[in-house]
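Following: one structure in structure tokens, then a few remarks.
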Amino acid sequence: MTEGDSTVITAANGKLNGPDFFKSLEGNVVLLRRDHDFLSCDNSSDWDVAVRDEEAFRSQLVKHFGEVIACIRRPYVTQHYYRWGQVDLLPRFIWRGNEFLELSRFWKNVEEKVGEVTRPRLAHDAFLAWMTSILAGGQFNRSHTPLILGVWESDCEELTECIDWAFGSVLGKELLELLEKGEPEKAVGMTRRLRRSLSLRSFARSPMKWVARTFRHWSTEIMRHLHPPMPTLAFLGPDGSGKSSVIAGVEERLLQMRLHVHKLHWRPYGFKGREDLGSPVDDPHAEPPRGAFTSTLKLGLLFWDWWSTWVTVLLHHRSKTTVVLLDRYYYDLLIDPRRYRFARPMWLSRIVFRLLPRPDRTFVLTGDPEVIWKRKKEVSLEEVGEQISRYQALGESLGARGRIVDVNRPLEEVEDEVFGEVEDCIRSRS
């Protein structure tokens, strides 16, 4: 249900929305980020929650909001994704196995029911907002500046002790000088030294715990890379089938969930990719086919491009919170070799096709040839009809990985059907 620009998040039982849910919780659950107005409950809500009992809170979450679409577990956080946004559960405050805020200190200073919601001590909230993004990604969120500088004025003693405990007095002095100057964002330049000092101090406090936590962190990361929680989704269809519109709709919904999106057109174009995703082609069959030798070289380039990027960049993206969207894929070469100037015979391309990585879901957009042809008349109506037949045969041959989608309907209906399948795919992977 929407009202203005905000969205009321309704519970599965129809009784509680987001703010009421947090107000109803008793003990052992603390809502972080004092500067974040969670009461707005708008699209793309993002809640960070410190919890003592992770499973107990998760059962409450599912009870009121229903089953999550994606649940990604790591030693320091469990991320839950709904259509309306994200809920992160933090059982401890660590970076790569190194604790940077003492857990007992945090829970001892929790402020009960501040504004009907349990909150952390303000100094701890500011310290977490400041250091979490710096340690994790060498970044600073400027929206946290008022909170951090405000705490420096109101609770500097506790903030100082947190800094010294995590990083020591030497680096702590530099961080305090940045606060004194009102420049907390410059701590980004200290990222490497902060990480190194944190690791050394963490090891010195408890070598056995450090080894265990470090092993757990890296073993989890390895497993996430071997079995990434996020899928690769390909969208195929003749020109005029609405691929761009459907992909845009899927992307918008994924971003609302606070997932990330990495888009490719046809092929990766190397590790760095390319900034633009290509421009519309007015006459895809205008250029003559390449010779057999050049076509073979192109196949080799395509093979290398896909595999080298798939096992590095794309695998890393998908191991985090990024869904890969493919506008066209290698399958298209088999359907319309003239578009890619590939010389027949096609037996070699079919061999290469079997060796390439396959998307988790391939959406084949088809419909009435005449309707699709009227949208884009780049090729003849007869050619469109033949392509649709080949696309449908391809979709059927893909089995559980393929979905044939009829686009002769309102766009919203098509997007709903496709995104329902996307949700199922994310659930099965995460």
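Following the order of the structure tokens, chains are lettered A, B, ..., residues in each are numbered from 1, and ligands are numbered from 1.
Running DSSP on the backbone gives alpha helix (DSSP H) for these residues within segment 218-287 of chain A: A:Trp218, A:Ser219, A:Thr220, A:Glu221, A:Ile222, A:Met223, A:Arg224, A:His225, A:Leu226, A:Lys243, A:Ser244, A:Ser245, A:Val246, A:Ile247, A:Ala248, A:Gly249, A:Val250, A:Glu251, A:Glu252, A:Arg253, A:Leu254, A:Leu255, A:Gln256.
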Please dump the current selection as a short mmCIF file (atom, residue, chain, number, x, y, z; two decimals), in the first residue's frame; keep N, CA and C atoms.
```cif
data_model
loop_
_atom_site.label_atom_id
_atom_site.label_comp_id
_atom_site.auth_asym_id
_atom_site.auth_seq_id
_atom_site.Cartn_x
_atom_site.Cartn_y
_atom_site.Cartn_z
N TRP A 218 37.55 -16.72 6.13
CA TRP A 218 38.03 -17.05 4.79
C TRP A 218 37.40 -18.33 4.25
N SER A 219 37.09 -19.28 5.12
CA SER A 219 36.41 -20.48 4.64
C SER A 219 35.01 -20.15 4.15
N THR A 220 34.34 -19.21 4.83
CA THR A 220 33.02 -18.77 4.38
C THR A 220 33.12 -18.07 3.03
N GLU A 221 34.12 -17.21 2.88
CA GLU A 221 34.29 -16.50 1.61
C GLU A 221 34.58 -17.46 0.46
N ILE A 222 35.39 -18.48 0.73
CA ILE A 222 35.68 -19.47 -0.31
C ILE A 222 34.41 -20.21 -0.73
N MET A 223 33.61 -20.60 0.26
CA MET A 223 32.36 -21.30 -0.05
C MET A 223 31.40 -20.40 -0.81
N ARG A 224 31.37 -19.13 -0.46
CA ARG A 224 30.49 -18.19 -1.17
C ARG A 224 30.93 -18.03 -2.62
N HIS A 225 32.23 -18.10 -2.88
CA HIS A 225 32.71 -18.00 -4.25
C HIS A 225 32.48 -19.29 -5.03
N LEU A 226 32.56 -20.42 -4.34
CA LEU A 226 32.28 -21.69 -5.01
C LEU A 226 30.80 -21.87 -5.28
N LYS A 243 13.04 -6.69 -24.56
CA LYS A 243 14.08 -7.11 -23.60
C LYS A 243 14.53 -5.95 -22.72
N SER A 244 14.82 -4.81 -23.34
CA SER A 244 15.33 -3.67 -22.57
C SER A 244 14.34 -3.22 -21.50
N SER A 245 13.06 -3.20 -21.84
CA SER A 245 12.05 -2.77 -20.87
C SER A 245 11.92 -3.76 -19.73
N VAL A 246 11.93 -5.04 -20.04
CA VAL A 246 11.81 -6.07 -19.00
C VAL A 246 13.03 -6.05 -18.09
N ILE A 247 14.22 -5.93 -18.68
CA ILE A 247 15.45 -5.87 -17.88
C ILE A 247 15.42 -4.65 -16.97
N ALA A 248 14.97 -3.51 -17.48
CA ALA A 248 14.89 -2.29 -16.67
C ALA A 248 13.93 -2.49 -15.50
N GLY A 249 12.81 -3.18 -15.75
CA GLY A 249 11.85 -3.44 -14.68
C GLY A 249 12.41 -4.35 -13.62
N VAL A 250 13.12 -5.40 -14.04
CA VAL A 250 13.75 -6.33 -13.10
C VAL A 250 14.82 -5.60 -12.29
N GLU A 251 15.62 -4.79 -12.97
CA GLU A 251 16.67 -4.04 -12.28
C GLU A 251 16.08 -3.12 -11.21
N GLU A 252 15.01 -2.42 -11.55
CA GLU A 252 14.39 -1.50 -10.59
C GLU A 252 13.92 -2.25 -9.34
N ARG A 253 13.34 -3.42 -9.52
CA ARG A 253 12.84 -4.18 -8.37
C ARG A 253 13.98 -4.75 -7.54
N LEU A 254 15.06 -5.17 -8.19
CA LEU A 254 16.21 -5.67 -7.45
C LEU A 254 16.85 -4.56 -6.62
N LEU A 255 16.96 -3.37 -7.19
CA LEU A 255 17.53 -2.24 -6.46
C LEU A 255 16.65 -1.85 -5.29
N GLN A 256 15.34 -1.97 -5.45
CA GLN A 256 14.44 -1.68 -4.34
C GLN A 256 14.67 -2.67 -3.19
#
```
I need the strand (DSSP E or B) residues of segment 97-286 of chain A per DSSP on the backbone, written as an mmCIF file with N, CA and C atoms, in the first residue's frame.
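Result file states-v9.cif:
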```cif
data_model
loop_
_atom_site.group_PDB
_atom_site.id
_atom_site.type_symbol
_atom_site.label_atom_id
_atom_site.label_comp_id
_atom_site.auth_asym_id
_atom_site.auth_seq_id
_atom_site.Cartn_x
_atom_site.Cartn_y
_atom_site.Cartn_z
ATOM 1 N N ASN A 98 38.278 -9.965 12.940
ATOM 2 C CA ASN A 98 38.863 -9.090 13.957
ATOM 3 C C ASN A 98 37.778 -8.221 14.591
ATOM 4 N N GLU A 99 37.578 -8.391 15.889
ATOM 5 C CA GLU A 99 36.556 -7.616 16.592
ATOM 6 C C GLU A 99 37.018 -6.176 16.757
ATOM 7 N N GLU A 111 20.849 1.566 25.470
ATOM 8 C CA GLU A 111 19.828 2.457 26.026
ATOM 9 C C GLU A 111 18.452 1.874 25.743
ATOM 10 N N GLU A 112 17.716 1.556 26.755
ATOM 11 C CA GLU A 112 16.432 0.897 26.588
ATOM 12 C C GLU A 112 15.367 1.851 26.052
ATOM 13 N N LYS A 113 14.722 1.431 24.981
ATOM 14 C CA LYS A 113 13.534 2.082 24.444
ATOM 15 C C LYS A 113 13.682 3.589 24.299
ATOM 16 N N VAL A 114 14.639 4.012 23.484
ATOM 17 C CA VAL A 114 14.763 5.427 23.141
ATOM 18 C C VAL A 114 13.765 5.717 22.030
ATOM 19 N N VAL A 117 12.028 2.550 20.822
ATOM 20 C CA VAL A 117 12.867 1.581 20.120
ATOM 21 C C VAL A 117 14.183 1.442 20.885
ATOM 22 N N THR A 118 14.644 0.218 21.111
ATOM 23 C CA THR A 118 15.906 -0.009 21.812
ATOM 24 C C THR A 118 17.067 0.426 20.919
ATOM 25 N N ARG A 119 17.925 1.282 21.474
ATOM 26 C CA ARG A 119 19.027 1.848 20.703
ATOM 27 C C ARG A 119 20.354 1.616 21.423
ATOM 28 N N THR A 232 22.870 -15.564 -12.223
ATOM 29 C CA THR A 232 23.062 -14.908 -13.514
ATOM 30 C C THR A 232 21.804 -15.138 -14.338
ATOM 31 N N LEU A 233 21.228 -14.061 -14.873
ATOM 32 C CA LEU A 233 19.963 -14.127 -15.595
ATOM 33 C C LEU A 233 20.160 -13.588 -17.006
ATOM 34 N N ALA A 234 19.767 -14.383 -18.004
ATOM 35 C CA ALA A 234 19.902 -13.966 -19.407
ATOM 36 C C ALA A 234 18.527 -13.685 -19.994
ATOM 37 N N PHE A 235 18.457 -12.686 -20.869
ATOM 38 C CA PHE A 235 17.210 -12.300 -21.531
ATOM 39 C C PHE A 235 17.424 -12.335 -23.037
ATOM 40 N N LEU A 236 16.651 -13.179 -23.703
ATOM 41 C CA LEU A 236 16.776 -13.357 -25.142
ATOM 42 C C LEU A 236 15.452 -13.039 -25.821
ATOM 43 N N HIS A 260 22.407 -5.445 -5.599
ATOM 44 C CA HIS A 260 23.115 -4.734 -6.651
ATOM 45 C C HIS A 260 22.909 -5.448 -7.992
ATOM 46 N N VAL A 261 23.165 -4.730 -9.062
ATOM 47 C CA VAL A 261 22.959 -5.257 -10.416
ATOM 48 C C VAL A 261 24.188 -4.983 -11.263
ATOM 49 N N HIS A 262 24.618 -6.003 -11.997
ATOM 50 C CA HIS A 262 25.712 -5.847 -12.969
ATOM 51 C C HIS A 262 25.176 -6.298 -14.322
ATOM 52 N N LYS A 263 25.116 -5.363 -15.275
ATOM 53 C CA LYS A 263 24.514 -5.653 -16.575
ATOM 54 C C LYS A 263 25.581 -5.836 -17.650
ATOM 55 N N LEU A 264 25.314 -6.783 -18.540
ATOM 56 C CA LEU A 264 26.185 -7.029 -19.685
ATOM 57 C C LEU A 264 25.334 -7.115 -20.944
ATOM 58 N N HIS A 265 25.929 -6.688 -22.046
ATOM 59 C CA HIS A 265 25.262 -6.811 -23.332
ATOM 60 C C HIS A 265 26.091 -7.717 -24.233
ATOM 61 N N ARG A 267 28.402 -9.849 -24.399
ATOM 62 C CA ARG A 267 29.572 -10.495 -23.803
ATOM 63 C C ARG A 267 30.231 -9.520 -22.831
#
```
| message | Show me, as a list in words, the residues that have an atom within 8 Å of Val384 of chain A when counting only C-alpha atoms, minus same-chain residues fewer than 2 positions from it. | response |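 Selected residues are Pro238, Pro369, Ile372, Trp373, Val379, Ser380, Leu381, Glu382, Glu386, Gln387 and Ile388 of chain A.
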Output file for the selection above: N, CA and C atoms, as a PDB file, in the first residue's frame:
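Saved result, out_5.pdb, follows:
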```
ATOM      1  N   PRO A 238      13.812 -11.743 -30.124  1.00  0.00           N
ATOM      2  CA  PRO A 238      14.053 -10.928 -31.323  1.00  0.00           C
ATOM      3  C   PRO A 238      13.918  -9.445 -31.019  1.00  0.00           C
ATOM      4  N   PRO A 369       4.546 -12.898 -34.078  1.00  0.00           N
ATOM      5  CA  PRO A 369       5.585 -12.298 -34.935  1.00  0.00           C
ATOM      6  C   PRO A 369       5.204 -10.938 -35.497  1.00  0.00           C
ATOM      7  N   ILE A 372       5.440  -8.175 -32.804  1.00  0.00           N
ATOM      8  CA  ILE A 372       6.839  -7.878 -32.483  1.00  0.00           C
ATOM      9  C   ILE A 372       7.510  -7.152 -33.649  1.00  0.00           C
ATOM     10  N   TRP A 373       7.228  -7.577 -34.872  1.00  0.00           N
ATOM     11  CA  TRP A 373       7.851  -6.971 -36.052  1.00  0.00           C
ATOM     12  C   TRP A 373       7.452  -5.501 -36.193  1.00  0.00           C
ATOM     13  N   VAL A 379      14.463  -6.325 -39.464  1.00  0.00           N
ATOM     14  CA  VAL A 379      14.521  -7.465 -40.378  1.00  0.00           C
ATOM     15  C   VAL A 379      13.109  -7.742 -40.874  1.00  0.00           C
ATOM     16  N   SER A 380      12.987  -8.646 -41.828  1.00  0.00           N
ATOM     17  CA  SER A 380      11.680  -8.923 -42.422  1.00  0.00           C
ATOM     18  C   SER A 380      10.763  -9.659 -41.447  1.00  0.00           C
ATOM     19  N   LEU A 381       9.477  -9.593 -41.712  1.00  0.00           N
ATOM     20  CA  LEU A 381       8.491 -10.296 -40.891  1.00  0.00           C
ATOM     21  C   LEU A 381       8.756 -11.798 -40.932  1.00  0.00           C
ATOM     22  N   GLU A 382       9.127 -12.302 -42.092  1.00  0.00           N
ATOM     23  CA  GLU A 382       9.423 -13.730 -42.215  1.00  0.00           C
ATOM     24  C   GLU A 382      10.600 -14.122 -41.333  1.00  0.00           C
ATOM     25  N   GLU A 386      10.738 -16.783 -38.118  1.00  0.00           N
ATOM     26  CA  GLU A 386      11.691 -17.897 -38.028  1.00  0.00           C
ATOM     27  C   GLU A 386      12.511 -17.811 -36.734  1.00  0.00           C
ATOM     28  N   GLN A 387      12.907 -16.582 -36.362  1.00  0.00           N
ATOM     29  CA  GLN A 387      13.675 -16.418 -35.129  1.00  0.00           C
ATOM     30  C   GLN A 387      12.849 -16.819 -33.912  1.00  0.00           C
ATOM     31  N   ILE A 388      11.590 -16.435 -33.890  1.00  0.00           N
ATOM     32  CA  ILE A 388      10.734 -16.785 -32.750  1.00  0.00           C
ATOM     33  C   ILE A 388      10.618 -18.298 -32.619  1.00  0.00           C
TER      34      ILE A 388
END
```
Quick one: everything within 9 Å of Thr321 of chain A, counting only C-alpha atoms, minus sequence neighbours fewer than 6 positions away in the same chain. Send it as a list in words.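 Contacts, in chain order: Ile72, Pro229, Met230, Arg258, Leu259, His260 and Val261 of chain A.
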Selection file, C-alpha atoms, as a PDB file, in the first residue's frame:
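Wrote it out as again-v8.pdb, contents follow:
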```
ATOM      1  CA  ILE A  72      22.960 -14.659   3.036  1.00  0.00           C
ATOM      2  CA  PRO A 229      24.179 -16.815  -3.594  1.00  0.00           C
ATOM      3  CA  MET A 230      23.243 -14.497  -6.444  1.00  0.00           C
ATOM      4  CA  ARG A 258      18.827  -3.247  -2.020  1.00  0.00           C
ATOM      5  CA  LEU A 259      20.537  -5.891  -4.127  1.00  0.00           C
ATOM      6  CA  HIS A 260      23.115  -4.734  -6.651  1.00  0.00           C
ATOM      7  CA  VAL A 261      22.959  -5.257 -10.416  1.00  0.00           C
TER       8      VAL A 261
END
```
Computed gap from atom CA of Trp210 of chain A to atom CA of Pro120 of chain A is 25.7 Å
Exercise. Just the residues within 7 Å of Gly237 of chain A, please, counting only C-alpha atoms, with nothing from its chain fewer than 5 positions along; format it as a list of chain:residue names.
Key: A:Lys243, A:Val364, A:Leu365, A:Thr366, A:Tyr391
- Message: Using Å and a single decimal, report how far atom CA of Asp239 of chain A sits from atom CA of Asn408 of chain A.
- Response: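 If I compute the distance from atom CA of Asn408 of chain A to atom CA of Asp239 of chain A, I get 13.9 Å.
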Computed gap from atom CA of Tyr269 of chain A to atom CA of Ser397 of chain A is 27.4 Å
- Message: If we count only C-alpha atoms and set the cut-off at 10 Å, which residues sit around segment 211-215 of chain A, ignoring sequence neighbours fewer than 6 positions away in its own chain? Please answer as a PyMOL selection string.
- Response: chain A and resi 75-76+94-99+199+202-203+221
Requested write-out: N, CA and C atoms of the selected residues, as a short mmCIF file (atom, residue, chain, number, x, y, z; two decimals), in the first residue's frame:
```cif
data_model
loop_
_atom_site.label_atom_id
_atom_site.label_comp_id
_atom_site.auth_asym_id
_atom_site.auth_seq_id
_atom_site.Cartn_x
_atom_site.Cartn_y
_atom_site.Cartn_z
N PRO A 75 29.93 -14.75 8.96
CA PRO A 75 30.21 -14.74 10.40
C PRO A 75 29.80 -13.46 11.11
N TYR A 76 29.84 -12.33 10.40
CA TYR A 76 29.59 -11.04 11.05
C TYR A 76 28.20 -10.48 10.75
N ILE A 94 32.78 -7.37 13.72
CA ILE A 94 34.10 -7.83 13.32
C ILE A 94 34.37 -7.50 11.85
N TRP A 95 35.66 -7.41 11.53
CA TRP A 95 36.10 -7.27 10.14
C TRP A 95 37.12 -8.37 9.89
N ARG A 96 36.80 -9.27 8.98
CA ARG A 96 37.66 -10.40 8.65
C ARG A 96 38.12 -11.16 9.90
N GLY A 97 37.18 -11.34 10.81
CA GLY A 97 37.48 -12.09 12.03
C GLY A 97 38.05 -11.27 13.16
N ASN A 98 38.28 -9.96 12.94
CA ASN A 98 38.86 -9.09 13.96
C ASN A 98 37.78 -8.22 14.59
N GLU A 99 37.58 -8.39 15.89
CA GLU A 99 36.56 -7.62 16.59
C GLU A 99 37.02 -6.18 16.76
N SER A 199 44.16 -5.93 13.22
CA SER A 199 44.51 -7.34 13.15
C SER A 199 45.57 -7.70 14.20
N SER A 202 44.04 -7.55 17.68
CA SER A 202 43.12 -8.66 17.85
C SER A 202 43.87 -9.96 18.12
N PHE A 203 44.96 -10.18 17.39
CA PHE A 203 45.78 -11.37 17.59
C PHE A 203 46.42 -11.36 18.98
N GLU A 221 34.12 -17.21 2.88
CA GLU A 221 34.29 -16.50 1.61
C GLU A 221 34.58 -17.46 0.46
#
```
Using only C-alpha atoms, find each residue in segment 78-128 of chain A having at least one atom no more than 8 Å away from segment 48-54 of chain A; report its shortest atom-to-atom pair and that distance in Å (one decimal), rows by chain then rising number, as CSV.
```
residue,atom,partner,partner_atom,distance
A:Val87,CA,A:Asp48,CA,6.1
A:Asp88,CA,A:Asp48,CA,4.8
A:Leu89,CA,A:Val49,CA,5.0
A:Leu90,CA,A:Ala50,CA,4.7
A:Pro91,CA,A:Val51,CA,5.2
A:Arg92,CA,A:Ala50,CA,7.5
```
Output C-alpha atoms for every residue in the selection just made, as a PDB file, in the first residue's frame.
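result-v6.pdb written:
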```
ATOM      1  CA  VAL A  87      17.350  -6.340   7.205  1.00  0.00           C
ATOM      2  CA  ASP A  88      20.891  -7.081   8.433  1.00  0.00           C
ATOM      3  CA  LEU A  89      21.422  -9.011  11.678  1.00  0.00           C
ATOM      4  CA  LEU A  90      24.762  -8.379  13.396  1.00  0.00           C
ATOM      5  CA  PRO A  91      25.651 -10.865  16.147  1.00  0.00           C
ATOM      6  CA  ARG A  92      29.092  -9.255  16.599  1.00  0.00           C
TER       7      ARG A  92
END
```
Nearby residues (only C-alpha atoms) at most 7 Å from Arg290 of chain A, same-chain spacing under 2 positions excluded, as a list of chain:residue names
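Contacts, with the query itself left out: A:Pro288, A:Ala292, A:Thr294, A:Ser295, A:Arg341, A:Phe342, A:Ala343.
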Across A:Thr362, A:Ser389, A:Thr312, A:Gln139, the smallest distance to Gly402 of chain A, with only C-alpha atoms counted, is shown by A:Thr362
Shortest contact to His64 of chain A, candidates A:Phe22, A:Tyr81, A:Trp152, A:Trp47, atoms counted only C-alpha atoms, goes to A:Phe22
For Arg73 of chain A, the closest of A:His217, A:Arg105, A:His285, A:Arg401 counting only C-alpha atoms is A:His217
